[in-house]
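Novice: The structure file final-v7.txt (compact mmCIF, C-alpha atoms and all ligand atoms) is provided below.
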# COMPACT_ATOMS: atom_id res chain seq x y z
CA MET X 163 -6.26 -20.40 29.55
CA THR X 164 -9.76 -19.16 28.84
CA ASP X 165 -11.81 -21.67 26.81
CA THR X 166 -12.65 -20.05 23.50
CA PRO X 167 -16.18 -20.89 22.34
CA ALA X 168 -16.61 -22.08 18.77
CA LEU X 169 -17.81 -19.27 16.53
CA PRO X 170 -18.10 -19.28 12.73
CA PRO X 171 -15.17 -17.94 10.65
CA LEU X 172 -15.29 -14.16 10.21
CA ARG X 173 -15.71 -14.39 6.43
CA GLU X 174 -18.87 -16.42 7.02
CA VAL X 175 -20.11 -13.84 9.55
CA ILE X 176 -19.54 -11.02 7.05
CA ALA X 177 -21.37 -12.90 4.28
CA LYS X 178 -24.25 -13.99 6.53
CA HIS X 179 -24.93 -10.46 7.83
CA GLY X 180 -24.18 -8.66 4.54
CA LEU X 181 -21.39 -6.54 6.06
CA ARG X 182 -20.15 -4.91 2.86
CA ALA X 183 -17.45 -2.51 4.02
CA GLU X 184 -18.60 1.13 4.12
CA LYS X 185 -15.84 3.62 3.35
CA SER X 186 -17.66 6.43 5.18
CA LEU X 187 -17.37 4.37 8.40
CA GLY X 188 -13.67 3.66 7.89
CA GLN X 189 -14.40 -0.05 7.60
CA ASN X 190 -11.33 -2.17 6.91
CA PHE X 191 -11.84 -5.46 8.67
CA LEU X 192 -9.10 -7.63 10.17
CA LEU X 193 -9.93 -11.27 9.68
CA ASP X 194 -6.57 -12.81 10.65
CA LEU X 195 -6.99 -14.15 14.18
CA ASN X 196 -3.21 -14.29 14.71
CA LEU X 197 -3.05 -10.54 14.15
CA THR X 198 -6.06 -9.72 16.31
CA GLY X 199 -4.55 -11.86 19.08
CA ARG X 200 -1.25 -10.03 18.70
CA ILE X 201 -2.97 -6.62 19.02
CA ALA X 202 -4.80 -7.74 22.17
CA ARG X 203 -1.51 -8.97 23.70
CA CYS X 204 0.05 -5.49 23.25
CA ALA X 205 -2.31 -4.26 25.98
CA GLY X 206 -0.68 -6.59 28.55
CA SER X 207 -2.66 -8.98 30.72
CA LEU X 208 -6.40 -8.54 30.25
CA LYS X 209 -7.34 -11.01 32.99
CA GLY X 210 -10.30 -9.50 34.84
CA GLU X 211 -9.78 -6.09 33.22
CA THR X 212 -12.51 -3.84 31.88
CA VAL X 213 -11.81 -3.10 28.22
CA ILE X 214 -13.47 -0.63 25.85
CA GLU X 215 -13.32 -1.48 22.15
CA ILE X 216 -14.36 1.12 19.60
CA GLY X 217 -15.71 -0.13 16.29
CA PRO X 218 -15.87 -3.91 16.79
CA GLY X 219 -17.37 -4.39 13.30
CA PRO X 220 -17.80 -8.14 12.65
CA GLY X 221 -15.89 -8.83 15.88
CA GLY X 222 -12.42 -10.21 15.06
CA LEU X 223 -10.58 -8.12 17.63
CA THR X 224 -13.57 -8.47 19.98
CA ARG X 225 -13.09 -12.24 20.02
CA ALA X 226 -9.36 -11.86 20.69
CA ILE X 227 -9.96 -9.53 23.65
CA LEU X 228 -12.49 -11.94 25.16
CA ALA X 229 -10.21 -14.92 24.54
CA ALA X 230 -7.43 -13.04 26.38
CA GLY X 231 -9.57 -13.15 29.52
CA ALA X 232 -11.06 -9.63 29.74
CA GLY X 233 -13.42 -9.42 32.73
CA LYS X 234 -15.77 -7.15 30.85
CA LEU X 235 -15.68 -5.80 27.30
CA ILE X 236 -17.71 -2.74 26.35
CA ALA X 237 -17.82 -2.44 22.56
CA VAL X 238 -19.12 0.74 20.94
CA GLU X 239 -20.27 0.33 17.32
CA LYS X 240 -22.00 2.91 15.13
CA ASP X 241 -23.05 0.58 12.31
CA THR X 242 -26.43 -1.09 12.99
CA ARG X 243 -25.63 -3.84 10.49
CA CYS X 244 -22.90 -5.22 12.81
CA LEU X 245 -25.18 -5.67 15.83
CA PRO X 246 -26.53 -9.18 15.02
CA ALA X 247 -22.98 -10.51 14.49
CA LEU X 248 -21.90 -8.95 17.80
CA ALA X 249 -24.97 -10.40 19.56
CA GLU X 250 -23.75 -13.88 18.54
CA ILE X 251 -20.39 -13.21 20.18
CA ALA X 252 -22.12 -11.84 23.30
CA ALA X 253 -24.20 -15.05 23.50
CA ALA X 254 -21.05 -17.17 23.23
CA TRP X 255 -19.42 -15.24 26.13
CA PRO X 256 -22.29 -14.86 28.62
CA GLY X 257 -22.04 -11.74 30.78
CA LYS X 258 -18.72 -10.60 29.28
CA LEU X 259 -19.60 -8.49 26.24
CA GLU X 260 -21.78 -5.39 26.31
CA VAL X 261 -22.44 -3.90 22.89
CA ILE X 262 -23.35 -0.23 22.76
CA HIS X 263 -24.86 1.07 19.54
CA ASP X 264 -23.60 4.64 19.48
CA ASP X 265 -21.12 7.10 18.05
CA ALA X 266 -17.77 6.90 19.86
CA LEU X 267 -17.15 10.59 19.16
CA THR X 268 -20.11 11.73 21.25
CA ILE X 269 -20.45 8.95 23.82
CA ASP X 270 -19.68 9.87 27.44
CA GLU X 271 -17.16 7.29 28.69
CA ALA X 272 -17.93 8.24 32.31
CA THR X 273 -21.37 6.63 31.96
CA LEU X 274 -19.85 3.35 30.71
CA LEU X 275 -17.27 2.82 33.43
CA ASP X 276 -17.17 2.31 37.17
CA GLY X 277 -13.39 1.97 37.37
CA PRO X 278 -10.23 2.11 35.24
CA ALA X 279 -10.32 0.55 31.78
CA LYS X 280 -8.05 -0.30 28.88
CA ILE X 281 -8.99 0.82 25.39
CA ILE X 282 -8.15 -1.50 22.50
CA ALA X 283 -9.27 -0.64 18.98
CA ASN X 284 -8.66 -0.92 15.29
CA LEU X 285 -9.86 2.65 14.83
CA PRO X 286 -11.88 4.01 11.94
CA TYR X 287 -9.18 6.18 10.36
CA ASN X 288 -11.44 9.13 9.59
CA VAL X 289 -12.08 9.76 13.31
CA ALA X 290 -8.95 8.25 14.92
CA THR X 291 -7.21 11.52 15.88
CA PRO X 292 -10.30 13.27 17.35
CA LEU X 293 -11.03 10.11 19.37
CA LEU X 294 -7.47 10.00 20.70
CA ILE X 295 -7.62 13.68 21.71
CA LYS X 296 -10.97 13.10 23.42
CA TRP X 297 -9.47 10.22 25.45
CA LEU X 298 -6.31 12.17 26.36
CA LYS X 299 -8.53 14.81 27.98
CA GLN X 300 -9.93 12.12 30.34
CA ARG X 301 -6.82 9.93 30.48
CA GLY X 302 -7.29 9.26 34.23
CA ARG X 303 -10.01 6.76 33.31
CA PHE X 304 -7.67 4.62 31.21
CA SER X 305 -4.71 2.49 32.27
CA SER X 306 -3.65 2.00 28.65
CA LEU X 307 -4.75 2.65 25.08
CA THR X 308 -3.70 0.15 22.40
CA LEU X 309 -4.80 1.61 19.09
CA MET X 310 -4.29 1.00 15.41
CA PHE X 311 -3.71 4.08 13.28
CA GLN X 312 -2.56 4.86 9.77
CA LYS X 313 1.24 4.61 9.95
CA GLU X 314 1.56 8.34 9.25
CA VAL X 315 -0.49 9.17 12.37
CA ALA X 316 1.49 6.66 14.46
CA ASP X 317 4.68 8.37 13.20
CA ARG X 318 3.34 11.72 14.45
CA ILE X 319 2.33 10.31 17.85
CA THR X 320 5.79 8.85 18.51
CA ALA X 321 8.03 11.37 16.66
CA VAL X 322 11.12 12.94 18.23
CA PRO X 323 12.40 16.51 17.57
CA ARG X 324 14.12 17.31 14.25
CA THR X 325 11.99 14.87 12.28
CA LYS X 326 9.27 15.78 9.81
CA SER X 327 6.57 13.96 11.79
CA TYR X 328 7.29 15.90 15.00
CA GLY X 329 4.50 18.33 15.81
CA ARG X 330 1.44 19.11 17.91
CA LEU X 331 0.26 15.51 18.20
CA SER X 332 3.74 14.24 19.25
CA ILE X 333 4.01 16.84 21.98
CA LEU X 334 0.47 16.39 23.32
CA CYS X 335 0.69 12.58 23.38
CA GLN X 336 4.20 12.31 24.82
CA TRP X 337 3.62 15.06 27.39
CA LEU X 338 0.67 13.10 28.78
CA CYS X 339 1.58 9.46 28.01
CA GLU X 340 4.39 7.03 27.49
CA THR X 341 4.07 6.03 23.85
CA ARG X 342 5.22 2.74 22.34
CA ARG X 343 5.14 1.69 18.69
CA GLU X 344 4.14 -1.94 18.57
CA PHE X 345 4.17 -3.21 14.96
CA ASP X 346 3.11 -2.39 11.41
CA ILE X 347 0.36 -4.22 9.54
CA SER X 348 0.36 -4.43 5.76
CA PRO X 349 -2.74 -3.28 3.83
CA ARG X 350 -3.07 -6.88 2.56
CA ALA X 351 -4.12 -8.07 6.02
CA PHE X 352 -7.41 -6.13 5.80
CA THR X 353 -10.69 -6.67 3.95
CA PRO X 354 -10.89 -4.49 1.93
CA PRO X 355 -7.23 -3.39 1.95
CA PRO X 356 -6.72 0.31 2.84
CA LYS X 357 -4.33 2.45 0.74
CA VAL X 358 -1.70 2.72 3.49
CA THR X 359 0.19 0.68 6.08
CA SER X 360 -1.23 0.62 9.61
CA THR X 361 0.65 0.74 12.92
CA VAL X 362 -0.37 -0.34 16.40
CA VAL X 363 0.62 2.09 19.17
CA THR X 364 0.22 1.73 22.94
CA LEU X 365 -0.15 4.86 25.06
CA ILE X 366 0.14 4.61 28.85
CA PRO X 367 -1.14 7.75 30.59
CA ARG X 368 1.45 9.26 32.96
CA ALA X 369 0.54 9.86 36.61
CA SER X 370 1.31 13.53 35.89
CA PRO X 371 2.45 15.33 32.73
CA LEU X 372 6.13 15.04 31.84
CA PHE X 373 6.92 18.70 32.78
CA PRO X 374 4.75 21.35 34.45
CA ALA X 375 2.75 23.63 32.13
CA ASP X 376 -0.79 24.95 31.80
CA PRO X 377 -2.39 22.70 29.13
CA ASP X 378 -4.24 25.52 27.34
CA ILE X 379 -1.19 27.78 27.18
CA LEU X 380 1.04 24.90 26.07
CA GLU X 381 -1.45 24.07 23.31
CA LYS X 382 -1.51 27.71 22.13
CA VAL X 383 2.29 28.01 22.11
CA VAL X 384 2.79 24.70 20.30
CA ALA X 385 0.04 25.51 17.77
CA ALA X 386 1.55 28.92 16.98
CA ALA X 387 5.08 27.49 16.70
CA PHE X 388 4.08 24.67 14.32
CA ASN X 389 1.66 26.80 12.35
CA GLN X 390 4.75 28.24 10.72
CA ARG X 391 7.19 25.42 11.47
CA ARG X 392 9.90 26.64 9.08
CA LYS X 393 10.05 30.13 10.60
CA MET X 394 12.22 31.17 13.52
CA LEU X 395 10.33 31.25 16.82
CA ARG X 396 10.72 35.02 17.13
CA ALA X 397 8.44 35.27 14.07
CA SER X 398 6.17 32.23 14.47
CA LEU X 399 5.21 33.12 18.07
CA LYS X 400 4.34 36.77 17.19
CA PRO X 401 0.59 36.00 16.81
CA LEU X 402 0.52 35.15 20.54
CA GLY X 403 0.77 38.88 21.16
CA ALA X 404 3.18 39.09 24.12
CA ASN X 405 6.78 40.33 23.94
CA THR X 406 8.07 37.30 22.03
CA GLU X 407 11.79 37.89 22.55
CA ALA X 408 11.31 38.41 26.31
CA LYS X 409 9.30 35.19 26.63
CA LEU X 410 11.91 33.23 24.68
CA GLU X 411 14.70 34.65 26.82
CA LYS X 412 12.80 33.80 30.01
CA ALA X 413 12.51 30.20 28.77
CA GLY X 414 16.21 30.12 27.82
CA ILE X 415 15.48 29.53 24.14
CA ALA X 416 17.33 31.33 21.32
CA PRO X 417 14.89 33.37 19.17
CA THR X 418 16.44 31.97 15.99
CA ARG X 419 15.42 28.37 16.76
CA ARG X 420 12.51 26.69 14.98
CA ALA X 421 9.53 24.71 16.30
CA GLU X 422 10.74 21.30 15.22
CA GLU X 423 14.03 21.69 17.15
CA LEU X 424 12.40 22.21 20.55
CA SER X 425 12.06 19.38 23.05
CA ILE X 426 8.86 18.90 25.05
CA GLU X 427 10.73 20.22 28.10
CA GLU X 428 11.55 23.44 26.20
CA PHE X 429 7.94 23.86 25.00
CA CYS X 430 6.80 23.52 28.61
CA ALA X 431 9.35 26.15 29.73
CA LEU X 432 7.99 28.44 27.01
CA ALA X 433 4.39 27.81 28.13
CA ARG X 434 5.39 28.73 31.71
CA ALA X 435 7.02 31.94 30.43
CA TYR X 436 3.80 32.83 28.57
CA ALA X 437 1.78 32.06 31.72
CA GLU X 438 3.54 34.94 33.50
CA THR X 439 1.69 38.21 33.07
CA ALA X 440 4.74 40.52 32.97
N1 LIG D 1 -12.65 -3.93 14.83
C1 LIG D 1 -12.97 -4.39 13.49
C2 LIG D 1 -11.78 -5.11 12.89
O1 LIG D 1 -10.68 -4.93 13.43
O2 LIG D 1 -11.97 -5.83 11.92
C3 LIG D 1 -13.41 -3.22 12.58
C4 LIG D 1 -12.45 -2.08 12.47
S1 LIG D 1 -12.90 -0.90 11.24
C5 LIG D 1 -11.30 -0.20 10.89
C6 LIG D 1 -13.64 0.45 12.16
C7 LIG D 1 -14.97 0.14 12.84
O3 LIG D 1 -15.41 1.32 13.52
C8 LIG D 1 -16.11 -0.24 11.91
O4 LIG D 1 -16.79 -1.35 12.42
C9 LIG D 1 -17.03 1.00 11.88
O5 LIG D 1 -18.39 0.69 11.64
C10 LIG D 1 -16.80 1.54 13.27
N2 LIG D 1 -17.04 2.99 13.41
C11 LIG D 1 -16.80 3.97 12.50
N3 LIG D 1 -17.06 5.18 13.00
C12 LIG D 1 -17.48 4.96 14.29
C13 LIG D 1 -17.90 5.82 15.34
N4 LIG D 1 -17.92 7.15 15.17
N5 LIG D 1 -18.28 5.28 16.52
C14 LIG D 1 -18.24 3.92 16.70
N6 LIG D 1 -17.84 3.06 15.73
C15 LIG D 1 -17.46 3.58 14.55
I'd like the structure from this file rewritten - as structure tokens, please.
Ligand code: SAM
Specialist:
Amino acid sequence: MTDTPALPPLREVIAKHGLRAEKSLGQNFLLDLNLTGRIARCAGSLKGETVIEIGPGPGGLTRAILAAGAGKLIAVEKDTRCLPALAEIAAAWPGKLEVIHDDALTIDEATLLDGPAKIIANLPYNVATPLLIKWLKQRGRFSSLTLMFQKEVADRITAVPRTKSYGRLSILCQWLCETRREFDISPRAFTPPPKVTSTVVTLIPRASPLFPADPDILEKVVAAAFNQRRKMLRASLKPLGANTEAKLEKAGIAPTRRAEELSIEEFCALARAYAETA
């Protein structure tokens, strides 16, 4: 067990540093140390691991990650007001916590890391999906991503075909990663409470994508198909310009099927058909 240094209760930290939650920064703080510990445990053993946390805020999850034995924690926070509170945690865990005052959307992760890392974060909801997409593009750097989203976004990440949540995000995430829903957290657990339930999801990047396909072509095919998700594919794929029926036939997919019925394997077959010039 790692010895956990004594730090003041989070409510005291928030009061002392005047951390009134800012809606524009997606600030809903988790003050329940049982829950922050549970989130950290979803990422597996952290012993000696390098971890990136986005949006540490007053530092509840930060403390849990350090207490779980992380070798090094790099925490990226945009809000200047949180820095003194985070400096107190850094002082209590000498050499373990590096706080970076920056915007996670624009930061270059390559400059932060010299080896593989785990990401753990209670994400600001207004930028959660763009951050996830940014990380998927450089997934080789990360051994796992344990992230809290609005439940509706978690539903989309983990959705299977023939459900209303199944779409572009499901296909992108599951093509590139194993996805695991961990648990839901009620709005009441946060200060202030958000309007919706939250869900923790773990994504483990695959060594290679689930089925072969060119990523840009797959993205175009999936976007066109779901842009008009109720239409038959022979109509929804028309904007792609090629001979739609021929491409569907090549992929072995009936032209009367609709986007939400297609498996990831079938979307990849379709992307390969569109990759052929004839
Ligand atoms: N981790 C804390 C917790 O669990 O209590 C706070 C989570 S709160 C949902 C989101 C945090 O992300 C806030 O501290 C906010 O200031 C920070 N944040 C918002 N946008 C950010 C951005 N673009 N880059 C880095 N941090 C950001």
Novice: Which of these, X:Val322, X:Ile251, X:Ile262, X:Ile282, has the shortest distance to Leu208 in chain X once you count only C-alpha atoms?
Specialist: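 Going through X:Val322, X:Ile251, X:Ile262, X:Ile282 one by one, the smallest distance to Leu208 in chain X is for X:Ile282.
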Novice: Let me have the centre and edge lengths of the axis-aligned box enclosing all listed atoms of ligand LIG 1 (chain D) with 3 Å padding on every side, in Å to one decimal, as JSON.
Specialist:
{"center_x": -14.5, "center_y": 0.7, "center_z": 13.8, "size_x": 13.7, "size_y": 19.0, "size_z": 11.8}
Novice: Between X:Leu432, X:Leu410, X:Thr359, X:Pro371, which residue has the minimum interatomic distance to Val384 in chain X, considering only C-alpha atoms?
Specialist: X:Leu432
Novice: Using only C-alpha atoms, which of X:Pro246, X:Gly199, X:Pro374, X:Pro349 sits nearest Ile227 in chain X?
Specialist: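 Closest residue, counting only C-alpha atoms: X:Gly199.
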Novice: Quick one: residues within 7 Å of Cys430 in chain X, all atoms listed in the file counted, chain neighbours fewer than 2 positions away excluded, as JSON, numbers by chain?
Specialist: {"X": [373, 374, 375, 380, 426, 427, 428, 432, 433, 434]}
Novice: Pick from X:Ser360, X:Thr273, X:Thr325, X:Asn405: nearest to ligand LIG 1 (chain D), with all atoms listed in the file counted?
Specialist: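 Using all atoms listed in the file, ligand LIG 1 (chain D) sits closest to X:Ser360.
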Novice: In terms of the shortest atom-to-atom distance over all atoms listed in the file, which of X:Arg343, X:Arg419, X:Lys400, X:Arg301 is closest to Pro367 in chain X?
Specialist: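 The shortest atom-to-atom distance to Pro367 in chain X comes from X:Arg301.
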Novice: N, CA and C atoms are needed for range 400-419 of chain X; please write them out as a compact mmCIF listing (two decimals), keeping the file's coordinate frame.
Specialist:
# COMPACT_ATOMS: atom_id res chain seq x y z
N LYS X 400 4.89 35.40 17.19
CA LYS X 400 4.34 36.77 17.19
C LYS X 400 2.82 36.80 17.37
N PRO X 401 2.06 35.92 16.67
CA PRO X 401 0.59 36.00 16.81
C PRO X 401 0.10 35.81 18.25
N LEU X 402 0.95 35.33 19.15
CA LEU X 402 0.52 35.15 20.54
C LEU X 402 0.41 36.50 21.26
N GLY X 403 1.03 37.53 20.68
CA GLY X 403 0.77 38.88 21.16
C GLY X 403 1.72 39.42 22.22
N ALA X 404 2.32 38.58 23.04
CA ALA X 404 3.18 39.09 24.12
C ALA X 404 4.53 39.55 23.53
N ASN X 405 5.44 39.98 24.40
CA ASN X 405 6.78 40.33 23.94
C ASN X 405 7.56 39.03 23.67
N THR X 406 7.56 38.63 22.40
CA THR X 406 8.07 37.30 22.03
C THR X 406 9.50 37.08 22.50
N GLU X 407 10.37 38.07 22.23
CA GLU X 407 11.79 37.89 22.55
C GLU X 407 11.98 37.73 24.06
N ALA X 408 11.18 38.49 24.84
CA ALA X 408 11.31 38.41 26.31
C ALA X 408 10.87 37.03 26.81
N LYS X 409 9.81 36.51 26.22
CA LYS X 409 9.30 35.19 26.63
C LYS X 409 10.33 34.11 26.29
N LEU X 410 10.91 34.22 25.09
CA LEU X 410 11.91 33.23 24.68
C LEU X 410 13.13 33.29 25.61
N GLU X 411 13.53 34.49 25.94
CA GLU X 411 14.70 34.65 26.82
C GLU X 411 14.40 34.04 28.20
N LYS X 412 13.22 34.33 28.69
CA LYS X 412 12.80 33.80 30.01
C LYS X 412 12.86 32.26 30.01
N ALA X 413 12.50 31.67 28.87
CA ALA X 413 12.51 30.20 28.77
C ALA X 413 13.89 29.65 28.40
N GLY X 414 14.85 30.56 28.16
CA GLY X 414 16.21 30.12 27.82
C GLY X 414 16.31 29.54 26.42
N ILE X 415 15.50 30.07 25.50
CA ILE X 415 15.48 29.53 24.14
C ILE X 415 15.89 30.62 23.14
N ALA X 416 16.86 30.33 22.30
CA ALA X 416 17.33 31.33 21.32
C ALA X 416 16.21 31.66 20.34
N PRO X 417 16.00 32.97 20.04
CA PRO X 417 14.89 33.37 19.17
C PRO X 417 15.03 32.89 17.73
N THR X 418 16.21 32.43 17.37
CA THR X 418 16.44 31.97 15.99
C THR X 418 16.11 30.49 15.81
N ARG X 419 15.74 29.81 16.90
CA ARG X 419 15.42 28.37 16.76
C ARG X 419 14.02 28.19 16.15
